[in-house]
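See below for coords_11.txt, which holds compact mmCIF, C-alpha atoms and all ligand atoms.
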# COMPACT_ATOMS: atom_id res chain seq x y z
CA MET A 1 -0.28 -12.89 26.01
CA THR A 2 -2.95 -15.52 26.69
CA GLY A 3 -4.99 -12.99 28.62
CA ALA A 4 -4.79 -10.42 25.85
CA SER A 5 -5.57 -13.07 23.28
CA SER A 6 -8.69 -14.25 25.09
CA ARG A 7 -10.04 -10.70 25.04
CA LEU A 8 -9.81 -10.56 21.25
CA PRO A 9 -13.09 -10.68 19.32
CA ALA A 10 -13.68 -14.17 17.89
CA ALA A 11 -12.84 -13.13 14.32
CA ALA A 12 -9.60 -11.49 15.45
CA ARG A 13 -8.57 -14.61 17.34
CA ALA A 14 -9.35 -16.73 14.29
CA ILE A 15 -7.14 -14.49 12.14
CA VAL A 16 -4.27 -14.72 14.61
CA ASP A 17 -4.73 -18.50 14.72
CA GLY A 18 -4.31 -18.69 10.93
CA ASP A 19 -7.90 -19.00 9.73
CA ARG A 20 -7.59 -17.76 6.15
CA ARG A 21 -11.32 -17.72 5.48
CA VAL A 22 -11.99 -15.35 8.36
CA LEU A 23 -9.03 -13.26 7.20
CA ALA A 24 -10.46 -13.05 3.68
CA ARG A 25 -13.92 -12.19 4.99
CA THR A 26 -12.56 -9.45 7.25
CA ILE A 27 -10.59 -7.95 4.37
CA THR A 28 -13.80 -7.79 2.34
CA GLN A 29 -15.49 -6.02 5.24
CA VAL A 30 -12.65 -3.52 5.46
CA GLU A 31 -12.88 -2.87 1.71
CA ASN A 32 -16.62 -2.30 1.97
CA GLY A 33 -16.35 -0.08 5.03
CA ASP A 34 -18.48 -2.62 6.92
CA PRO A 35 -18.61 -1.66 10.62
CA ALA A 36 -18.45 -5.39 11.45
CA ALA A 37 -14.69 -5.20 10.86
CA ASP A 38 -14.20 -2.25 13.16
CA ARG A 39 -13.54 -4.09 16.42
CA VAL A 40 -11.40 -6.68 14.67
CA VAL A 41 -9.20 -4.05 13.03
CA ARG A 42 -8.85 -2.10 16.27
CA SER A 43 -8.07 -5.12 18.40
CA LEU A 44 -5.38 -6.41 16.02
CA TYR A 45 -3.44 -3.15 15.69
CA GLY A 46 -1.17 -4.07 18.59
CA ARG A 47 -0.12 -7.22 16.74
CA SER A 48 0.93 -5.37 13.60
CA GLY A 49 4.16 -3.50 12.90
CA ARG A 50 6.42 -6.54 12.79
CA ALA A 51 6.57 -7.63 9.15
CA PRO A 52 8.44 -5.70 6.48
CA VAL A 53 5.95 -4.28 4.00
CA VAL A 54 7.54 -4.25 0.57
CA GLY A 55 5.90 -2.22 -2.18
CA LEU A 56 6.44 -2.92 -5.88
CA THR A 57 5.32 -0.14 -8.12
CA GLY A 58 5.86 0.98 -11.70
CA PRO A 59 4.10 1.09 -15.07
CA LEU A 60 1.79 -1.65 -16.33
CA GLY A 61 3.53 -4.62 -17.91
CA VAL A 62 7.02 -4.14 -16.49
CA GLY A 63 6.73 -7.44 -14.64
CA LYS A 64 5.67 -6.51 -11.12
CA SER A 65 3.35 -9.51 -10.73
CA SER A 66 6.03 -11.79 -12.16
CA LEU A 67 8.52 -10.36 -9.65
CA VAL A 68 6.04 -10.81 -6.81
CA ASN A 69 5.69 -14.42 -7.86
CA ALA A 70 9.49 -14.86 -8.01
CA LEU A 71 9.94 -13.21 -4.61
CA VAL A 72 7.22 -15.40 -3.12
CA GLY A 73 9.09 -18.44 -4.45
CA ARG A 74 12.35 -17.16 -3.00
CA LEU A 75 10.81 -16.38 0.38
CA ARG A 76 9.00 -19.70 0.61
CA SER A 77 12.29 -21.48 -0.08
CA LEU A 78 13.73 -19.51 2.86
CA GLY A 79 10.85 -20.83 4.98
CA GLN A 80 9.12 -17.46 5.21
CA THR A 81 5.39 -16.90 4.89
CA VAL A 82 4.12 -14.16 2.59
CA GLY A 83 0.97 -12.07 2.34
CA VAL A 84 0.44 -10.37 -1.03
CA ILE A 85 -1.82 -7.43 -1.80
CA GLY A 86 -2.42 -6.49 -5.44
CA VAL A 87 -3.87 -3.03 -5.94
CA ASP A 88 -5.10 -2.52 -9.47
CA PRO A 89 -6.56 0.85 -10.42
CA SER A 90 -7.50 -0.24 -13.93
CA SER A 91 -9.62 -3.25 -13.12
CA PRO A 92 -11.70 -4.44 -10.21
CA PHE A 93 -11.40 -7.88 -8.65
CA THR A 94 -12.86 -9.75 -11.61
CA GLY A 95 -11.21 -7.61 -14.28
CA GLY A 96 -9.00 -8.71 -17.13
CA SER A 97 -5.51 -7.81 -16.00
CA VAL A 98 -6.05 -9.41 -12.61
CA LEU A 99 -6.76 -12.71 -14.28
CA GLY A 100 -3.15 -13.10 -15.36
CA ASP A 101 -2.00 -12.58 -11.79
CA ARG A 102 -4.52 -15.08 -10.57
CA ILE A 103 -3.47 -17.78 -12.97
CA ARG A 104 0.15 -17.31 -12.06
CA LEU A 105 -0.57 -17.40 -8.37
CA GLU A 106 -3.02 -20.26 -8.55
CA ARG A 107 -0.13 -22.68 -8.47
CA ARG A 108 0.33 -21.76 -4.85
CA ALA A 109 -3.29 -22.30 -3.92
CA ASP A 110 -2.43 -25.31 -1.77
CA ASP A 111 0.23 -23.41 0.19
CA ASN A 112 -1.09 -21.98 3.47
CA GLY A 113 2.12 -19.95 3.80
CA VAL A 114 1.03 -17.61 1.01
CA PHE A 115 -2.05 -15.47 0.93
CA PHE A 116 -2.89 -13.42 -2.13
CA ARG A 117 -5.50 -10.73 -2.19
CA SER A 118 -6.26 -8.45 -5.08
CA MET A 119 -8.13 -5.26 -4.37
CA ALA A 120 -9.95 -2.82 -6.57
CA SER A 121 -8.57 0.64 -6.05
CA ARG A 122 -11.77 2.36 -7.03
CA GLY A 123 -14.70 2.51 -4.72
CA ALA A 124 -12.85 1.33 -1.65
CA ALA A 125 -14.44 2.96 1.38
CA GLY A 126 -12.05 5.43 2.94
CA GLY A 127 -9.71 5.43 -0.05
CA VAL A 128 -7.27 2.90 -1.43
CA ALA A 129 -4.34 3.94 0.69
CA ALA A 130 -6.29 3.69 3.94
CA THR A 131 -7.78 0.33 2.97
CA THR A 132 -4.47 -1.08 1.81
CA ARG A 133 -2.85 0.03 5.05
CA GLU A 134 -5.51 -1.71 7.15
CA VAL A 135 -5.37 -4.87 5.05
CA SER A 136 -1.60 -4.97 5.34
CA ARG A 137 -1.94 -4.68 9.14
CA LEU A 138 -4.39 -7.57 9.13
CA LEU A 139 -1.90 -9.70 7.18
CA ASP A 140 0.80 -8.66 9.62
CA ALA A 141 -1.37 -9.64 12.60
CA ALA A 142 -2.19 -12.92 10.85
CA GLY A 143 1.51 -13.68 11.24
CA PHE A 144 2.88 -13.42 7.70
CA ASP A 145 6.62 -12.85 7.83
CA VAL A 146 6.67 -10.55 4.81
CA ILE A 147 3.99 -8.48 3.09
CA LEU A 148 4.28 -7.62 -0.58
CA VAL A 149 2.11 -4.89 -2.10
CA GLU A 150 1.88 -4.46 -5.87
CA THR A 151 0.44 -1.23 -7.26
CA VAL A 152 0.13 -0.26 -10.90
CA GLY A 153 2.09 2.85 -11.65
CA SER A 154 -0.01 5.86 -12.21
CA GLY A 155 0.18 8.68 -9.77
CA GLN A 156 -1.48 8.80 -6.42
CA VAL A 157 -1.71 5.17 -5.44
CA ASP A 158 1.99 4.69 -6.08
CA VAL A 159 2.99 7.69 -4.10
CA ALA A 160 0.64 6.57 -1.34
CA ILE A 161 2.57 3.31 -1.17
CA ARG A 162 5.26 5.37 0.51
CA ASP A 163 2.94 5.70 3.49
CA ILE A 164 2.36 1.97 3.71
CA ALA A 165 5.51 0.18 2.61
CA SER A 166 8.68 0.13 4.67
CA THR A 167 10.65 -0.55 1.48
CA SER A 168 9.48 0.64 -1.94
CA ILE A 169 10.78 -0.96 -5.11
CA VAL A 170 10.22 1.01 -8.32
CA VAL A 171 10.20 -1.38 -11.29
CA VAL A 172 11.12 -0.30 -14.81
CA VAL A 173 12.25 -2.08 -17.99
CA PRO A 174 15.06 -1.45 -20.52
CA HIS A 175 14.47 1.40 -22.97
CA LEU A 176 13.25 3.73 -20.28
CA GLY A 177 11.93 6.46 -22.58
CA ASP A 178 8.52 7.37 -21.24
CA GLU A 179 9.22 5.74 -17.94
CA VAL A 180 11.84 8.31 -17.14
CA GLN A 181 9.01 10.85 -17.35
CA THR A 182 6.90 8.77 -14.99
CA LEU A 183 9.82 8.56 -12.62
CA LYS A 184 10.31 12.29 -12.71
CA ALA A 185 6.60 12.73 -12.07
CA GLY A 186 6.92 11.32 -8.60
CA LEU A 187 7.99 7.69 -8.49
CA PHE A 188 11.61 8.68 -8.37
CA GLU A 189 11.31 10.16 -4.90
CA ILE A 190 9.63 7.13 -3.43
CA ALA A 191 12.18 4.54 -4.60
CA ASP A 192 14.27 2.81 -1.96
CA ILE A 193 15.36 0.36 -4.65
CA PHE A 194 15.25 0.57 -8.44
CA CYS A 195 14.61 -2.68 -10.23
CA VAL A 196 15.34 -2.91 -13.96
CA ASN A 197 13.35 -5.99 -14.89
CA LYS A 198 13.57 -7.95 -18.18
CA VAL A 199 17.37 -7.76 -18.31
CA ASP A 200 17.09 -10.70 -20.73
CA LEU A 201 16.01 -8.05 -23.27
CA PRO A 202 18.53 -5.74 -24.96
CA GLY A 203 19.27 -2.34 -23.47
CA ALA A 204 19.39 -3.36 -19.81
CA GLU A 205 22.88 -1.99 -19.15
CA LEU A 206 21.98 1.33 -20.70
CA ALA A 207 18.82 1.54 -18.61
CA LYS A 208 20.81 0.88 -15.44
CA ARG A 209 23.31 3.58 -16.37
CA ASP A 210 20.51 6.07 -17.08
CA LEU A 211 18.99 5.37 -13.70
CA ALA A 212 22.34 5.60 -11.94
CA GLU A 213 22.75 9.04 -13.48
CA LEU A 214 19.32 10.10 -12.28
CA VAL A 215 20.10 8.84 -8.78
CA THR A 216 23.35 10.82 -8.72
CA LEU A 217 21.65 13.97 -9.98
CA GLY A 218 18.69 13.46 -7.68
CA GLY A 219 20.35 14.93 -4.59
CA ARG A 220 18.32 12.96 -2.09
CA ALA A 221 18.00 14.05 1.50
CA SER A 222 18.35 10.55 2.94
CA ALA A 223 21.61 8.78 3.73
CA TRP A 224 20.27 5.81 1.81
CA ALA A 225 21.36 5.69 -1.84
CA PRO A 226 18.86 3.53 -3.73
CA PRO A 227 20.61 0.57 -5.35
CA ILE A 228 19.80 -0.40 -8.94
CA VAL A 229 19.16 -4.11 -9.44
CA GLY A 230 18.76 -5.90 -12.76
CA THR A 231 16.32 -8.81 -12.74
CA SER A 232 14.68 -11.26 -15.07
CA THR A 233 11.81 -13.54 -14.21
CA VAL A 234 11.96 -15.57 -17.43
CA GLU A 235 15.64 -16.41 -17.09
CA PRO A 236 15.66 -16.09 -13.30
CA THR A 237 18.30 -13.47 -12.53
CA GLY A 238 18.83 -11.02 -9.71
CA ILE A 239 15.93 -12.16 -7.51
CA ASP A 240 18.22 -13.00 -4.59
CA GLU A 241 20.05 -9.72 -5.04
CA LEU A 242 16.74 -7.84 -5.07
CA TRP A 243 15.69 -9.48 -1.82
CA ASN A 244 19.09 -8.86 -0.25
CA ASP A 245 18.73 -5.17 -1.08
CA VAL A 246 15.29 -5.15 0.56
CA MET A 247 16.79 -6.65 3.70
CA ALA A 248 19.67 -4.16 3.61
CA HIS A 249 17.18 -1.30 3.41
CA GLU A 250 15.16 -2.73 6.31
CA LYS A 251 18.39 -2.89 8.36
CA PHE A 252 19.19 0.69 7.39
CA LEU A 253 15.76 1.80 8.63
CA ASP A 254 16.53 0.34 12.04
CA SER A 255 20.16 1.41 12.38
CA SER A 256 19.54 4.97 11.19
CA GLY A 257 16.43 5.55 13.28
CA GLU A 258 14.52 6.26 10.07
CA ARG A 259 11.93 3.59 10.80
CA LEU A 260 10.79 5.16 14.05
CA ARG A 261 10.93 8.67 12.68
CA GLY A 262 8.94 7.67 9.60
CA GLU A 263 6.43 5.69 11.68
CA ARG A 264 5.73 8.65 13.93
CA GLN A 265 5.23 10.93 10.95
CA ARG A 266 2.96 8.50 9.10
CA LEU A 267 0.89 7.62 12.17
CA SER A 268 0.48 11.26 13.04
CA SER A 269 -0.97 12.04 9.61
CA GLU A 270 -3.10 8.89 9.75
CA ILE A 271 -4.61 9.93 13.09
CA VAL A 272 -5.28 13.48 11.91
CA GLY A 273 -6.82 12.13 8.70
CA LEU A 274 -9.09 9.75 10.60
CA ALA A 275 -10.11 12.46 13.04
CA ARG A 276 -10.89 14.79 10.14
CA ASP A 277 -13.08 12.12 8.51
CA HIS A 278 -14.81 11.52 11.82
CA ILE A 279 -15.56 15.19 12.41
CA GLY A 280 -16.69 15.59 8.80
CA ARG A 281 -19.19 12.76 9.19
CA GLU A 282 -20.51 14.21 12.45
CA LEU A 283 -20.99 17.65 10.96
CA THR A 284 -22.80 16.23 7.95
CA LEU A 285 -25.13 14.33 10.29
CA ARG A 286 -25.64 17.39 12.45
CA LEU A 287 -26.51 19.46 9.41
CA GLU A 288 -28.98 16.84 8.21
CA ARG A 289 -30.66 16.38 11.57
CA ASP A 290 -30.89 19.93 12.79
CA PRO A 291 -33.28 22.03 10.70
CA SER A 292 -32.15 25.25 12.38
CA LEU A 293 -28.66 24.64 10.98
CA ARG A 294 -30.10 24.22 7.51
CA HIS A 295 -31.27 27.77 7.91
CA LEU A 296 -27.59 28.72 7.89
CA LEU A 297 -27.32 27.66 4.28
CA ASP A 298 -30.24 29.90 3.31
CA GLU A 299 -28.48 32.79 5.00
CA VAL A 300 -25.25 32.15 3.11
CA VAL A 301 -27.09 31.82 -0.21
CA ALA A 302 -28.80 35.15 0.50
CA ARG A 303 -25.38 36.70 1.19
CA ARG A 304 -26.41 37.61 4.74
CA ILE A 305 -23.72 35.40 6.27
CA ASP A 306 -20.37 34.49 4.75
CA PRO A 307 -19.28 30.84 4.48
CA ARG A 308 -16.55 31.18 7.10
CA THR A 309 -18.95 32.50 9.70
CA ALA A 310 -21.42 29.74 8.78
CA ALA A 311 -18.68 27.14 9.25
CA ASP A 312 -17.86 28.58 12.68
CA ARG A 313 -21.51 28.27 13.66
CA LEU A 314 -21.73 24.77 12.28
CA VAL A 315 -18.81 23.70 14.47
CA THR A 316 -20.27 25.36 17.55
CA GLY A 317 -23.65 23.73 16.90
CA GLY A 318 -25.49 26.83 15.76
CA ARG A 319 -24.47 29.11 18.62
CA ARG A 320 -22.76 32.27 17.54
CA ALA A 321 -18.99 31.70 17.62
CA ARG A 322 -18.31 35.19 18.84
N1 LIG A 401 11.26 -10.86 -21.33
C1 LIG A 401 10.75 -10.79 -20.10
N2 LIG A 401 9.42 -10.71 -19.94
C2 LIG A 401 8.93 -10.63 -18.68
C3 LIG A 401 9.78 -10.62 -17.53
N3 LIG A 401 9.01 -10.54 -16.44
C4 LIG A 401 7.74 -10.47 -16.86
N4 LIG A 401 7.68 -10.54 -18.21
C5 LIG A 401 6.48 -10.50 -19.06
O1 LIG A 401 5.95 -9.19 -19.05
C6 LIG A 401 4.52 -9.23 -19.11
C7 LIG A 401 3.90 -8.43 -17.98
O2 LIG A 401 4.21 -9.07 -16.76
P1 LIG A 401 3.42 -8.78 -15.41
O3 LIG A 401 4.16 -9.46 -14.32
O4 LIG A 401 1.98 -9.07 -15.56
O5 LIG A 401 3.62 -7.19 -15.33
P2 LIG A 401 2.91 -6.13 -14.35
O6 LIG A 401 1.81 -5.50 -15.14
O7 LIG A 401 3.98 -5.13 -14.03
O8 LIG A 401 2.42 -6.84 -13.13
C8 LIG A 401 4.13 -10.70 -19.09
O9 LIG A 401 3.89 -11.12 -20.40
C9 LIG A 401 5.36 -11.37 -18.52
O10 LIG A 401 5.50 -12.69 -18.96
C10 LIG A 401 11.19 -10.73 -17.74
O11 LIG A 401 12.00 -10.74 -16.81
N5 LIG A 401 11.62 -10.80 -19.05
MG MG A 402 0.49 -6.95 -12.20
What is this structure when it is put down as structure tokens?
Ligand SMILES: Nc1nc2c(ncn2[C@@H]2O[C@H](COP(=O)(O)OP(=O)(O)O)[C@@H](O)[C@H]2O)c(=O)[nH]1
Ligand SMILES: [Mg+2]
Amino acid sequence: MTGASSRLPAAARAIVDGDRRVLARTITQVENGDPAADRVVRSLYGRSGRAPVVGLTGPLGVGKSSLVNALVGRLRSLGQTVGVIGVDPSSPFTGGSVLGDRIRLERRADDNGVFFRSMASRGAAGGVAATTREVSRLLDAAGFDVILVETVGSGQVDVAIRDIASTSIVVVVPHLGDEVQTLKAGLFEIADIFCVNKVDLPGAELAKRDLAELVTLGGRASAWAPPIVGTSTVEPTGIDELWNDVMAHEKFLDSSGERLRGERQRLSSEIVGLARDHIGRELTLRLERDPSLRHLLDEVVARRIDPRTAADRLVTGGRRAR
């Protein structure tokens, strides 16, 4: 291990050794698509894949950040270190809704066992899902025992959490109403655990029953039946139970072989996606640099060549494919 460690780039070694400033800087580089992070990210991959990555997703205001805070408290009391990623599609790093999260998490600023990072979901180079995945691997390599990822519930980012988190918690509140629609629109399928937060408010039992009905009707393919946990962060309730369910799901992933199967599937699509990006960039460059290829476009515009034939020629560098 010492040998491997000494071959790590300096920044990677610093991250492994617990340097939070280098970690933060590298995350910024990953977000910006800065090539400076490339070697660091590559060299640390082998040190990731150990920590459970727990996603919390659901509509704005249901209490995801409050739950993250409660879980962090619970985990710290168990002696575990926690890395937190907040993905917020509505506001960038300095935006309004992030401020609340910051204030709440500020209390832990002196605790080196917690690292919080909020990320803008717009404008991230390579897409939010890809960036979040790489950042979560960095936190994993930095040695955090658990990684929590909060995403605000609206469509793609939430569903993408499935490709990053080993356990996904879908958070809702009593009086489901519109949320049931959101769930039907895609969140339902990604839930390993349903969390009905704000059980201190009326209607919690009804909400749990509604969800239980949906789960029964859902006809899921997996052997795992998502449990429904009621929580409150104002009158702390159910936080231990929520965490126990996360651990139970993590155990299920191992005992059922689902973890390995899922990993292979996810990594396969990650590799293909990266290769596709790579080839796309090369072709764009080739097209820009080679004036004879630009001629292809003229030919297509003039209807002398069809786009498929032009694409074949682009791939073969201008030579006729057949
Ligand atoms: N009554 C009640 N309010 C809560 C609970 N948890 C969070 N809240 C409040 O709900 C609001 C939104 O919480 P926040 O954690 O920012 O939600 P997020 O948008 O899902 O991250 C805040 O005003 C919280 O104080 C709870 O268990 N019960
Ligand atoms: Mg939040």
Return as number ranges by chain the residues of protein, DNA or RNA that approach ligand LIG 401 (chain A) to within 10 Å, with all atoms listed in the file taken into account. A: 56-70, 86, 88, 97-101, 104, 150-153, 171-173, 196-202, 230-238
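For the set A:Val16, A:Arg42, A:Arg266, A:Val84, the residue with the smallest atom-to-atom gap to ligand MG 402 (chain A) is A:Val84, counting all atoms listed in the file.
Among A:Asp192, A:Asp312, A:Asp34, A:Asp111, the residue with the shortest atom-to-atom distance to Leu293 (chain A), counting only C-alpha atoms, is A:Asp312.
Those residues that approach region 226-228 of chain A to within 10 Å, counting all atoms listed in the file, are Ser168, Ile169, Val170, Val171, Ile190, Ala191, Asp192, Ile193, Phe194, Cys195, Val196, Ala207, Lys208, Arg209, Leu211, Ala212, Val215, Thr216, Arg220, Leu242, Asp245, Val246 and His249 of chain A; same-chain residues fewer than 5 positions away are not listed.
As for CA of Arg7 (chain A) and CA of Arg47 (chain A), they are spaced 13.4 Å apart.
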One decimal place gives the CA of Val82 (chain A)-CA of Phe144 (chain A) separation as 5.3 Å
Nearby residues (only C-alpha atoms) at most 12 Å from Leu260 (chain A), same-chain spacing under 6 positions excluded, as an NGL selection string: :A and (49 or 166 or 250 or 252-254 or 266-267)
Would you pick out the contacts of Ala12 (chain A) at 12 Å or less, using all atoms listed in the file, so that residues sharing its chain but fewer than 5 positions from it are not included, and give the list as a PyMOL selection string? chain A and resi 4-7+17-27+36-47+138-139+141-142
Do you have the CA of Gly79 (chain A)-CA of Val53 (chain A) distance handy? 17.3 Å
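Closest to ligand MG 402 (chain A) among A:Ala51, A:Ala10, A:Ile85, A:Ala165 is A:Ile85, based on all atoms listed in the file.
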Best match for closeness to Thr81 (chain A) among A:Gly33, A:Gly55, A:Ala129, A:Leu148, counting all atoms listed in the file: A:Leu148
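Remark: for Met247 (chain A), the closest of the candidate residues A:Val114, A:Val146, A:Val128, A:Val87 is A:Val146 (distances computed over only C-alpha atoms).
The residue that comes closest to ligand MG 402 (chain A), out of A:Val149, A:Arg304, A:Glu189, A:Arg276 and on the basis of all atoms listed in the file, is A:Val149.
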Given 3 Å of margin on each side, can you work out the centre and size in Å (one decimal) of an axis-aligned box holding every listed atom of region 196-206 of chain A, as JSON?
{"center_x": 18.1, "center_y": -4.7, "center_z": -19.5, "size_x": 15.5, "size_y": 18.0, "size_z": 17.0}
Residues within 12 Å of (-21.1, 18.8, 11.1), file coordinates, counting all atoms listed in the file: what are they? Give the list as a PyMOL selection string. chain A and resi 276-290+293-294+310-318
Please dump the current selection as a compact mmCIF listing (two decimals), in the frame of the given file; keep C-alpha atoms.
# COMPACT_ATOMS: atom_id res chain seq x y z
CA ARG A 276 -10.89 14.79 10.14
CA ASP A 277 -13.08 12.12 8.51
CA HIS A 278 -14.81 11.52 11.82
CA ILE A 279 -15.56 15.19 12.41
CA GLY A 280 -16.69 15.59 8.80
CA ARG A 281 -19.19 12.76 9.19
CA GLU A 282 -20.51 14.21 12.45
CA LEU A 283 -20.99 17.65 10.96
CA THR A 284 -22.80 16.23 7.95
CA LEU A 285 -25.13 14.33 10.29
CA ARG A 286 -25.64 17.39 12.45
CA LEU A 287 -26.51 19.46 9.41
CA GLU A 288 -28.98 16.84 8.21
CA ARG A 289 -30.66 16.38 11.57
CA ASP A 290 -30.89 19.93 12.79
CA LEU A 293 -28.66 24.64 10.98
CA ARG A 294 -30.10 24.22 7.51
CA ALA A 310 -21.42 29.74 8.78
CA ALA A 311 -18.68 27.14 9.25
CA ASP A 312 -17.86 28.58 12.68
CA ARG A 313 -21.51 28.27 13.66
CA LEU A 314 -21.73 24.77 12.28
CA VAL A 315 -18.81 23.70 14.47
CA THR A 316 -20.27 25.36 17.55
CA GLY A 317 -23.65 23.73 16.90
CA GLY A 318 -25.49 26.83 15.76
